[in-house]
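Chemist: Just so it is clear, I am handing over target-v2.pdb, which has PDB, C-alpha atoms.
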```
ATOM      1  CA  MET A   1       0.000   0.000   0.000
ATOM      2  CA  ILE A   2       2.775   2.402   0.943
ATOM      3  CA  PHE A   3       4.757   1.531  -2.171
ATOM      4  CA  GLU A   4       1.846   2.201  -4.544
ATOM      5  CA  ALA A   5       1.292   5.539  -2.828
ATOM      6  CA  PHE A   6       4.983   6.313  -3.159
ATOM      7  CA  ARG A   7       5.082   5.470  -6.878
ATOM      8  CA  LYS A   8       2.022   7.634  -7.495
ATOM      9  CA  TRP A   9       3.669  10.445  -5.517
ATOM     10  CA  ILE A  10       6.937  10.430  -7.424
ATOM     11  CA  GLY A  11       4.956  10.077 -10.654
ATOM     12  CA  SER A  12       3.230  13.381  -9.973
ATOM     13  CA  GLY A  13       6.465  15.334  -9.599
ATOM     14  CA  GLY A  14       7.295  14.506  -6.012
ATOM     15  CA  ASN A  15       7.525  16.867  -3.116
ATOM     16  CA  GLY A  16       6.455  20.069  -4.761
ATOM     17  CA  HIS A  17       6.322  22.147  -1.613
ATOM     18  CA  GLY A  18       7.219  25.479  -3.130
ATOM     19  CA  ARG A  19      10.675  24.477  -4.250
ATOM     20  CA  GLY A  20      11.491  26.922  -7.010
ATOM     21  CA  GLY A  21      10.958  26.350 -10.723
ATOM     22  CA  ASP A  22      11.175  22.562 -11.016
ATOM     23  CA  GLY A  23       8.425  20.618  -9.309
ATOM     24  CA  PRO A  24       4.767  21.620  -9.108
ATOM     25  CA  THR A  25       3.994  23.947  -6.206
ATOM     26  CA  ILE A  26       1.168  23.301  -3.795
ATOM     27  CA  PRO A  27      -0.735  26.480  -2.905
ATOM     28  CA  SER A  28      -1.310  27.556   0.670
ATOM     29  CA  CYS A  29      -4.644  27.095   2.455
ATOM     30  CA  LYS A  30      -5.520  30.720   1.812
ATOM     31  CA  GLU A  31      -4.674  30.514  -1.887
ATOM     32  CA  ALA A  32      -6.609  27.294  -2.395
ATOM     33  CA  LEU A  33      -9.669  28.392  -0.423
ATOM     34  CA  SER A  34      -9.808  31.698  -2.259
ATOM     35  CA  ARG A  35     -10.148  29.790  -5.530
ATOM     36  CA  ILE A  36     -12.525  27.106  -4.326
ATOM     37  CA  TYR A  37     -15.551  28.291  -6.286
ATOM     38  CA  GLU A  38     -13.653  28.908  -9.499
ATOM     39  CA  PHE A  39     -12.159  25.457  -9.115
ATOM     40  CA  LEU A  40     -15.536  23.759  -8.564
ATOM     41  CA  ASP A  41     -17.068  25.723 -11.429
ATOM     42  CA  GLY A  42     -14.353  24.530 -13.803
ATOM     43  CA  GLU A  43     -13.212  28.065 -14.496
ATOM     44  CA  LEU A  44      -9.503  27.542 -13.760
ATOM     45  CA  ASP A  45      -7.015  26.449 -16.417
ATOM     46  CA  ASP A  46      -5.466  22.976 -16.108
ATOM     47  CA  VAL A  47      -2.378  24.142 -14.234
ATOM     48  CA  ALA A  48      -4.202  26.254 -11.664
ATOM     49  CA  SER A  49      -6.886  23.616 -11.286
ATOM     50  CA  GLY A  50      -4.264  20.939 -10.668
ATOM     51  CA  GLN A  51      -2.595  23.077  -8.034
ATOM     52  CA  VAL A  52      -5.796  23.766  -6.140
ATOM     53  CA  GLU A  53      -6.770  20.114  -6.348
ATOM     54  CA  ALA A  54      -3.364  19.140  -4.992
ATOM     55  CA  HIS A  55      -3.839  21.312  -1.931
ATOM     56  CA  PHE A  56      -7.170  19.692  -1.100
ATOM     57  CA  GLU A  57      -5.628  16.269  -1.509
ATOM     58  CA  VAL A  58      -2.950  16.903   1.089
ATOM     59  CA  CYS A  59      -4.561  19.329   3.499
ATOM     60  CA  ARG A  60      -6.775  17.609   6.047
ATOM     61  CA  ARG A  61      -8.048  20.885   7.397
ATOM     62  CA  CYS A  62      -9.234  22.204   4.041
ATOM     63  CA  TYR A  63     -10.584  19.033   2.469
ATOM     64  CA  PRO A  64     -13.885  19.065   4.448
ATOM     65  CA  HIS A  65     -14.609  22.572   3.134
ATOM     66  CA  LEU A  66     -14.348  21.279  -0.426
ATOM     67  CA  ALA A  67     -16.593  18.339   0.419
ATOM     68  CA  CYS A  68     -19.130  20.706   1.978
ATOM     69  CA  GLU A  69     -19.274  22.951  -1.103
ATOM     70  CA  ARG A  70     -19.622  19.874  -3.318
ATOM     71  CA  ALA A  71     -22.476  18.545  -1.194
ATOM     72  CA  PHE A  72     -24.228  21.893  -1.563
ATOM     73  CA  LYS A  73     -23.814  21.900  -5.359
ATOM     74  CA  ALA A  74     -25.024  18.302  -5.569
ATOM     75  CA  ALA A  75     -28.169  19.126  -3.593
ATOM     76  CA  LEU A  76     -29.003  21.970  -5.975
ATOM     77  CA  GLN A  77     -28.483  19.793  -9.019
ATOM     78  CA  ARG A  78     -30.625  17.098  -7.497
ATOM     79  CA  ALA A  79     -33.406  19.633  -6.983
ATOM     80  CA  VAL A  80     -33.799  20.260 -10.713
ATOM     81  CA  GLU A  81     -32.804  16.885 -12.077
ATOM     82  CA  GLY A  82     -34.798  15.799 -15.090
ATOM     83  CA  ARG A  83     -37.172  18.751 -14.938
ATOM     84  CA  ARG A  84     -38.678  18.992 -18.380
ATOM     85  CA  ALA A  85     -41.170  21.355 -19.924
ATOM     86  CA  PRO A  86     -44.709  19.976 -19.636
ATOM     87  CA  PRO A  87     -45.790  17.997 -22.766
ATOM     88  CA  GLU A  88     -48.635  20.425 -23.543
ATOM     89  CA  LEU A  89     -46.181  23.332 -23.560
ATOM     90  CA  ARG A  90     -43.899  21.433 -25.911
ATOM     91  CA  ARG A  91     -46.868  20.749 -28.249
ATOM     92  CA  GLU A  92     -47.945  24.392 -28.140
ATOM     93  CA  VAL A  93     -44.471  25.656 -29.032
ATOM     94  CA  LEU A  94     -44.177  23.166 -31.897
ATOM     95  CA  SER A  95     -47.567  24.108 -33.320
ATOM     96  CA  LEU A  96     -46.678  27.799 -32.974
ATOM     97  CA  LEU A  97     -43.626  27.184 -35.158
ATOM     98  CA  GLU A  98     -45.730  25.338 -37.711
ATOM     99  CA  GLU A  99     -48.215  28.249 -37.889
ATOM    100  CA  VAL A 100     -45.423  30.739 -38.423
ATOM    101  CA  GLY A 101     -44.011  28.476 -41.150
ATOM    102  CA  GLU A 102     -47.379  28.367 -42.964
ATOM    103  CA  GLY A 103     -47.430  32.139 -43.206
ATOM    104  CA  ASP A 104     -44.481  32.195 -45.678
TER     105      ASP A 104
ATOM    106  CA  MET B   1      13.980  -1.491 -11.521
ATOM    107  CA  ASP B   2      16.341  -3.719  -9.619
ATOM    108  CA  GLY B   3      17.392  -0.867  -7.336
ATOM    109  CA  THR B   4      13.785  -0.164  -6.441
ATOM    110  CA  THR B   5      13.115  -3.796  -5.594
ATOM    111  CA  LYS B   6      16.226  -3.894  -3.403
ATOM    112  CA  ALA B   7      15.202  -0.722  -1.592
ATOM    113  CA  GLU B   8      11.699  -2.088  -1.092
ATOM    114  CA  ALA B   9      13.088  -5.316   0.307
ATOM    115  CA  SER B  10      15.464  -3.649   2.743
ATOM    116  CA  PHE B  11      12.776  -1.183   3.786
ATOM    117  CA  ARG B  12      10.361  -4.022   4.487
ATOM    118  CA  GLU B  13      13.016  -5.809   6.477
ATOM    119  CA  GLU B  14      14.325  -2.929   8.559
ATOM    120  CA  ALA B  15      11.634  -0.269   8.790
ATOM    121  CA  LEU B  16       8.275  -2.019   8.638
ATOM    122  CA  PRO B  17       8.848  -4.074  11.799
ATOM    123  CA  HIS B  18       8.622  -0.772  13.688
ATOM    124  CA  LEU B  19       5.120  -0.038  12.449
ATOM    125  CA  ASP B  20       3.445  -0.845  15.770
ATOM    126  CA  ALA B  21       5.861   1.305  17.720
ATOM    127  CA  VAL B  22       5.458   4.215  15.323
ATOM    128  CA  TYR B  23       1.681   3.846  15.573
ATOM    129  CA  ARG B  24       1.805   3.922  19.385
ATOM    130  CA  PHE B  25       3.983   7.034  19.239
ATOM    131  CA  ALA B  26       1.701   8.669  16.651
ATOM    132  CA  LEU B  27      -1.308   7.970  18.850
ATOM    133  CA  ARG B  28       0.279   9.869  21.741
ATOM    134  CA  LEU B  29       1.194  12.779  19.456
ATOM    135  CA  ALA B  30      -2.045  13.022  17.539
ATOM    136  CA  GLY B  31      -4.464  12.044  20.289
ATOM    137  CA  SER B  32      -6.899   9.901  18.310
ATOM    138  CA  ARG B  33      -6.995   7.055  15.801
ATOM    139  CA  ASP B  34      -7.728   8.770  12.496
ATOM    140  CA  PRO B  35      -5.069  11.488  12.656
ATOM    141  CA  ALA B  36      -2.633   8.932  14.100
ATOM    142  CA  GLU B  37      -3.197   6.613  11.143
ATOM    143  CA  ASP B  38      -2.630   9.511   8.714
ATOM    144  CA  LEU B  39       0.527  10.384  10.594
ATOM    145  CA  VAL B  40       1.846   6.826  10.391
ATOM    146  CA  GLN B  41       1.183   6.653   6.652
ATOM    147  CA  GLU B  42       2.898   9.944   5.982
ATOM    148  CA  THR B  43       5.818   8.928   8.192
ATOM    149  CA  PHE B  44       6.472   5.704   6.311
ATOM    150  CA  LEU B  45       5.975   7.402   2.963
ATOM    151  CA  ARG B  46       8.537  10.016   3.878
ATOM    152  CA  ALA B  47      10.871   7.439   5.379
ATOM    153  CA  TYR B  48      10.747   5.386   2.198
ATOM    154  CA  SER B  49      11.414   8.400   0.023
ATOM    155  CA  HIS B  50      14.504   9.201   2.130
ATOM    156  CA  TRP B  51      15.551   5.579   2.573
ATOM    157  CA  ASP B  52      18.869   6.245   0.835
ATOM    158  CA  GLN B  53      19.723   8.665   3.633
ATOM    159  CA  TYR B  54      19.394   5.965   6.272
ATOM    160  CA  THR B  55      22.522   4.014   7.194
ATOM    161  CA  PRO B  56      21.577   0.332   7.343
ATOM    162  CA  GLY B  57      22.004  -1.317  10.731
ATOM    163  CA  THR B  58      21.838   1.904  12.738
ATOM    164  CA  ASN B  59      18.900   2.821  14.991
ATOM    165  CA  CYS B  60      15.963   2.594  12.603
ATOM    166  CA  LYS B  61      13.326   3.034  15.273
ATOM    167  CA  SER B  62      14.758   6.378  16.405
ATOM    168  CA  TRP B  63      15.086   7.470  12.803
ATOM    169  CA  LEU B  64      11.414   6.699  12.181
ATOM    170  CA  PHE B  65      10.364   8.417  15.411
ATOM    171  CA  THR B  66      12.281  11.531  14.371
ATOM    172  CA  ILE B  67      10.516  11.595  11.023
ATOM    173  CA  CYS B  68       7.167  11.015  12.709
ATOM    174  CA  ARG B  69       7.694  13.886  15.099
ATOM    175  CA  ASN B  70       8.781  16.241  12.312
ATOM    176  CA  VAL B  71       5.763  15.352  10.188
ATOM    177  CA  PHE B  72       3.534  15.974  13.190
ATOM    178  CA  LEU B  73       5.100  19.369  13.917
ATOM    179  CA  ARG B  74       4.693  20.390  10.275
ATOM    180  CA  GLN B  75       1.035  19.352  10.422
ATOM    181  CA  GLN B  76       0.572  21.443  13.556
ATOM    182  CA  GLU B  77       2.057  24.434  11.748
ATOM    183  CA  ARG B  78      -0.467  23.901   8.976
ATOM    184  CA  VAL B  79      -3.305  23.802  11.496
ATOM    185  CA  GLN B  80      -2.036  27.001  13.046
ATOM    186  CA  ARG B  81      -1.798  28.740   9.664
ATOM    187  CA  HIS B  82      -5.299  27.557   8.893
ATOM    188  CA  ASP B  83      -6.612  29.024  12.127
ATOM    189  CA  GLU B  84      -4.765  32.231  11.331
ATOM    190  CA  ILE B  85      -6.598  32.487   8.022
ATOM    191  CA  VAL B  86      -9.868  32.117   9.879
ATOM    192  CA  GLN B  87      -8.872  34.885  12.284
ATOM    193  CA  GLU B  88      -7.748  37.084   9.415
ATOM    194  CA  ASN B  89     -11.050  36.690   7.657
ATOM    195  CA  LEU B  90     -13.131  37.275  10.719
ATOM    196  CA  ALA B  91     -11.193  40.489  11.247
ATOM    197  CA  GLY B  92     -12.385  41.639   7.834
ATOM    198  CA  GLY B  93      -9.098  41.337   5.987
ATOM    199  CA  GLY B  94      -8.733  39.415   2.752
ATOM    200  CA  GLY B  95     -11.602  38.076   0.665
ATOM    201  CA  ILE B  96     -12.017  36.153  -2.555
ATOM    202  CA  ALA B  97     -10.105  38.269  -5.076
ATOM    203  CA  GLY B  98     -12.101  41.228  -6.336
ATOM    204  CA  THR B  99     -15.434  40.251  -4.833
ATOM    205  CA  GLY B 100     -14.867  41.063  -1.168
ATOM    206  CA  VAL B 101     -16.573  37.805  -0.251
ATOM    207  CA  PRO B 102     -14.774  36.376   2.815
ATOM    208  CA  ILE B 103     -12.504  33.451   1.970
ATOM    209  CA  VAL B 104     -13.706  31.489   4.973
ATOM    210  CA  ASN B 105     -17.353  30.480   4.690
ATOM    211  CA  GLN B 106     -19.291  31.064   7.907
ATOM    212  CA  LEU B 107     -21.085  27.794   7.162
ATOM    213  CA  TRP B 108     -17.847  25.865   7.645
ATOM    214  CA  LEU B 109     -17.345  27.446  11.037
ATOM    215  CA  ASP B 110     -20.931  26.744  12.093
ATOM    216  CA  THR B 111     -20.850  23.098  11.044
ATOM    217  CA  GLU B 112     -17.273  22.101  11.741
ATOM    218  CA  GLN B 113     -18.094  20.285  14.985
ATOM    219  CA  VAL B 114     -21.354  18.641  13.916
ATOM    220  CA  ASP B 115     -21.226  18.137  10.148
ATOM    221  CA  PRO B 116     -17.976  19.304   8.559
ATOM    222  CA  VAL B 117     -18.697  17.850   5.106
ATOM    223  CA  GLY B 118     -22.218  19.203   4.666
ATOM    224  CA  ARG B 119     -24.157  15.941   4.873
ATOM    225  CA  PHE B 120     -27.206  17.845   6.080
ATOM    226  CA  PHE B 121     -27.768  19.146   2.523
ATOM    227  CA  GLU B 122     -28.818  15.639   1.506
ATOM    228  CA  SER B 123     -31.663  15.675   4.022
ATOM    229  CA  ILE B 124     -33.355  18.751   2.610
ATOM    230  CA  ILE B 125     -36.133  17.982   0.166
ATOM    231  CA  ASP B 126     -36.053  19.403  -3.352
ATOM    232  CA  SER B 127     -39.071  21.652  -2.931
ATOM    233  CA  LYS B 128     -37.495  23.283   0.094
ATOM    234  CA  ILE B 129     -34.309  23.965  -1.837
ATOM    235  CA  LEU B 130     -36.237  25.520  -4.707
ATOM    236  CA  GLU B 131     -38.249  27.572  -2.238
ATOM    237  CA  ALA B 132     -35.051  28.902  -0.693
ATOM    238  CA  ILE B 133     -33.685  29.764  -4.136
ATOM    239  CA  ASP B 134     -36.890  31.609  -4.971
ATOM    240  CA  GLU B 135     -36.517  33.647  -1.809
ATOM    241  CA  LEU B 136     -33.098  34.994  -2.811
ATOM    242  CA  PRO B 137     -32.851  38.587  -4.008
ATOM    243  CA  GLU B 138     -33.226  38.643  -7.803
ATOM    244  CA  ASP B 139     -29.586  39.286  -8.755
ATOM    245  CA  TYR B 140     -28.361  36.477  -6.513
ATOM    246  CA  ARG B 141     -31.143  34.167  -7.643
ATOM    247  CA  THR B 142     -30.363  34.677 -11.330
ATOM    248  CA  ALA B 143     -26.673  34.008 -10.792
ATOM    249  CA  VAL B 144     -27.239  30.846  -8.753
ATOM    250  CA  VAL B 145     -29.825  29.512 -11.182
ATOM    251  CA  LEU B 146     -27.672  30.118 -14.260
ATOM    252  CA  SER B 147     -24.575  28.586 -12.700
ATOM    253  CA  ASP B 148     -25.689  25.866 -10.309
ATOM    254  CA  LEU B 149     -28.928  24.789 -11.942
ATOM    255  CA  GLU B 150     -28.204  25.413 -15.608
ATOM    256  CA  GLY B 151     -24.435  24.993 -15.709
ATOM    257  CA  LEU B 152     -23.510  28.172 -17.561
ATOM    258  CA  SER B 153     -19.897  29.364 -17.504
ATOM    259  CA  TYR B 154     -19.021  32.742 -15.996
ATOM    260  CA  ASP B 155     -18.565  34.175 -19.496
ATOM    261  CA  GLU B 156     -21.951  32.902 -20.591
ATOM    262  CA  MET B 157     -23.499  34.329 -17.450
ATOM    263  CA  ALA B 158     -21.913  37.720 -18.119
ATOM    264  CA  THR B 159     -23.553  37.731 -21.532
ATOM    265  CA  VAL B 160     -26.953  36.667 -20.262
ATOM    266  CA  MET B 161     -26.924  39.017 -17.282
ATOM    267  CA  GLY B 162     -25.344  41.896 -19.202
ATOM    268  CA  VAL B 163     -22.764  42.573 -16.481
ATOM    269  CA  PRO B 164     -18.956  42.317 -16.196
ATOM    270  CA  LEU B 165     -17.247  39.110 -15.054
ATOM    271  CA  GLY B 166     -16.428  40.549 -11.640
ATOM    272  CA  THR B 167     -20.089  41.253 -10.994
ATOM    273  CA  VAL B 168     -21.025  37.732 -12.070
ATOM    274  CA  LYS B 169     -18.639  36.261  -9.509
ATOM    275  CA  SER B 170     -19.670  38.628  -6.768
ATOM    276  CA  ARG B 171     -23.373  37.879  -7.224
ATOM    277  CA  LEU B 172     -22.803  34.165  -7.602
ATOM    278  CA  PHE B 173     -20.576  33.740  -4.551
ATOM    279  CA  ARG B 174     -22.717  35.944  -2.352
ATOM    280  CA  GLY B 175     -25.844  34.250  -3.652
ATOM    281  CA  ARG B 176     -24.453  30.841  -2.774
ATOM    282  CA  ARG B 177     -23.441  31.914   0.701
ATOM    283  CA  ARG B 178     -26.852  33.434   1.299
ATOM    284  CA  LEU B 179     -28.592  30.294   0.071
ATOM    285  CA  GLN B 180     -26.367  28.086   2.206
ATOM    286  CA  LYS B 181     -27.228  30.182   5.232
ATOM    287  CA  GLN B 182     -30.958  29.783   4.541
ATOM    288  CA  LEU B 183     -30.624  26.040   4.101
ATOM    289  CA  TYR B 184     -28.470  25.745   7.228
ATOM    290  CA  GLU B 185     -31.020  27.642   9.306
ATOM    291  CA  TYR B 186     -33.816  25.509   7.902
ATOM    292  CA  ALA B 187     -31.914  22.311   8.700
ATOM    293  CA  VAL B 188     -31.311  23.403  12.301
ATOM    294  CA  GLU B 189     -34.963  24.404  12.696
ATOM    295  CA  ALA B 190     -36.149  21.112  11.196
ATOM    296  CA  GLY B 191     -33.815  19.158  13.468
ATOM    297  CA  PHE B 192     -31.509  17.594  10.836
ATOM    298  CA  LEU B 193     -28.583  19.432  12.266
ATOM    299  CA  ALA B 194     -27.423  20.408  15.725
ATOM    300  CA  PRO B 195     -26.716  24.110  16.045
ATOM    301  CA  LYS B 196     -23.139  25.178  16.677
ATOM    302  CA  GLY B 197     -22.218  24.851  20.321
ATOM    303  CA  ASP B 198     -24.372  21.801  20.914
ATOM    304  CA  ALA B 199     -21.645  19.302  20.101
ATOM    305  CA  ASP B 200     -20.303  17.065  22.870
ATOM    306  CA  PRO B 201     -16.967  18.264  24.260
TER     307      PRO B 201
END
```
In structure tokens, write the structure found in this file.
Modeler:
Amino acid sequence: MIFEAFRKWIGSGGNGHGRGGDGPTIPSCKEALSRIYEFLDGELDDVASGQVEAHFEVCRRCYPHLACERAFKAALQRAVEGRRAPPELRREVLSLLEEVGEGD
Amino acid sequence: MDGTTKAEASFREEALPHLDAVYRFALRLAGSRDPAEDLVQETFLRAYSHWDQYTPGTNCKSWLFTICRNVFLRQQERVQRHDEIVQENLAGGGGIAGTGVPIVNQLWLDTEQVDPVGRFFESIIDSKILEAIDELPEDYRTAVVLSDLEGLSYDEMATVMGVPLGTVKSRLFRGRRRLQKQLYEYAVEAGFLAPKGDADP
């Protein structure tokens, strides 16, 4: 178990704790938390997104905050899941388009 | 390949036998099982990554204990910095860039003892969530609906709402926080969630 974790770790660039140009840098708690919404909304580029994600993977204090925001988003999405326009409305709109078409 | 296998073998032989001792030590440092288990994992991970710095046959247990203690101290520093951020935000400094929305969400502070990962959201029925959304001020409501219900990007939202990107973010983040507050208060009222301060010591 430890060895798989180690191989995965070195595969990702190793101990990137802010060591100059080479390895990836892991942002601080403040930096990561300040970008949490942009990260969850998919508005960060790959590099920035990877950095923020890395912080939440290693920081036990911050990870619950990410989980909380995700749970909130999931609840909202659940609330509108599969909501479709009523069939009568769909029929009305389609017939409206047909009428307009006939006028040509 | 061969070097890695050799290192693995010698690590298994010399370091792993001390797992129980390191765990006992971690338990005294960290105080409870979960953080102690994390500490042990990180200790062995770090020990393995620095295995070439260990002189075979010397006191491996002490070496592991030293690593364990250093990892623990670094974790404590991180906790302290985290608490400092909270203090900083409560004092009014900082904020999500450009929007002035506090970095630290009050919801996290209110639920950290009783429900740190927001499980209570699952207990709220859909109609209640929609009701709470409908009760938001119009600007906030529009932003939350476009983003969280309809999945528009910030750019798309700026076009639809006819406002700059900064305004989109400000309305969206504030709208979310407001909505979360409403849902939190509802959950406490309905009994799904203990209010802050009710947790067992």
Chemist: Work out how far atom CA of Leu183 of chain B is from atom CA of Glu122 of chain B, in Å to one decimal.
Modeler: 10.9 Å
Chemist: Could you tell me which residues of chain A sit within 8 Å of chain B when counting all atoms listed in the file, and give me the result as a VMD selection string?
Modeler: chain A and resid 2 to 3 5 to 6 29 to 30 33 to 35 37 41 43 61 64 to 69 71 to 73 75 to 80
Chemist: Which one is closest to Ser28 of chain A: B:Glu189, B:Glu37, B:Thr142, B:Glu77? Count only C-alpha atoms.
Modeler: B:Glu77
Chemist: Output the residue selection produced by the PyMOL selection byres ((chain B and resi 72) around 12) on the file above, formatted as a ChimeraX atom specification.
Modeler: /B:25-31,35-43,65-71,73-79
Chemist: Using Å and a single decimal, report how far atom CA of Lys181 of chain B sits from atom CA of Leu193 of chain B.
Modeler: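 Spanning atom CA of Leu193 of chain B to atom CA of Lys181 of chain B is a straight-line distance of 12.9 Å.
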Chemist: Separation of atom CA of Tyr63 of chain A and atom CA of Leu165 of chain B, in Å?
Modeler: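 Going from atom CA of Tyr63 of chain A over to atom CA of Leu165 of chain B, I get 27.5 Å.
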Chemist: Rank nothing, just name the residue among B:Thr58, B:Gly175, B:Gly3, B:Val160 nearest to Glu135 of chain B, using only C-alpha atoms.
Modeler: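 Distance minimum relative to Glu135 of chain B lands on B:Gly175.
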Chemist: Let me know the centre plus edge lengths, in Å and rounded to one decimal, of a box with edges along x, y and z that contains all listed atoms of segment 113-128 of chain B and is padded by 8 Å on every side, as AutoDock Vina command-line options.
Modeler:
```
--center_x -28.5 --center_y 19.5 --center_z 5.8 --size_x 37.1 --size_y 23.6 --size_z 34.3
```
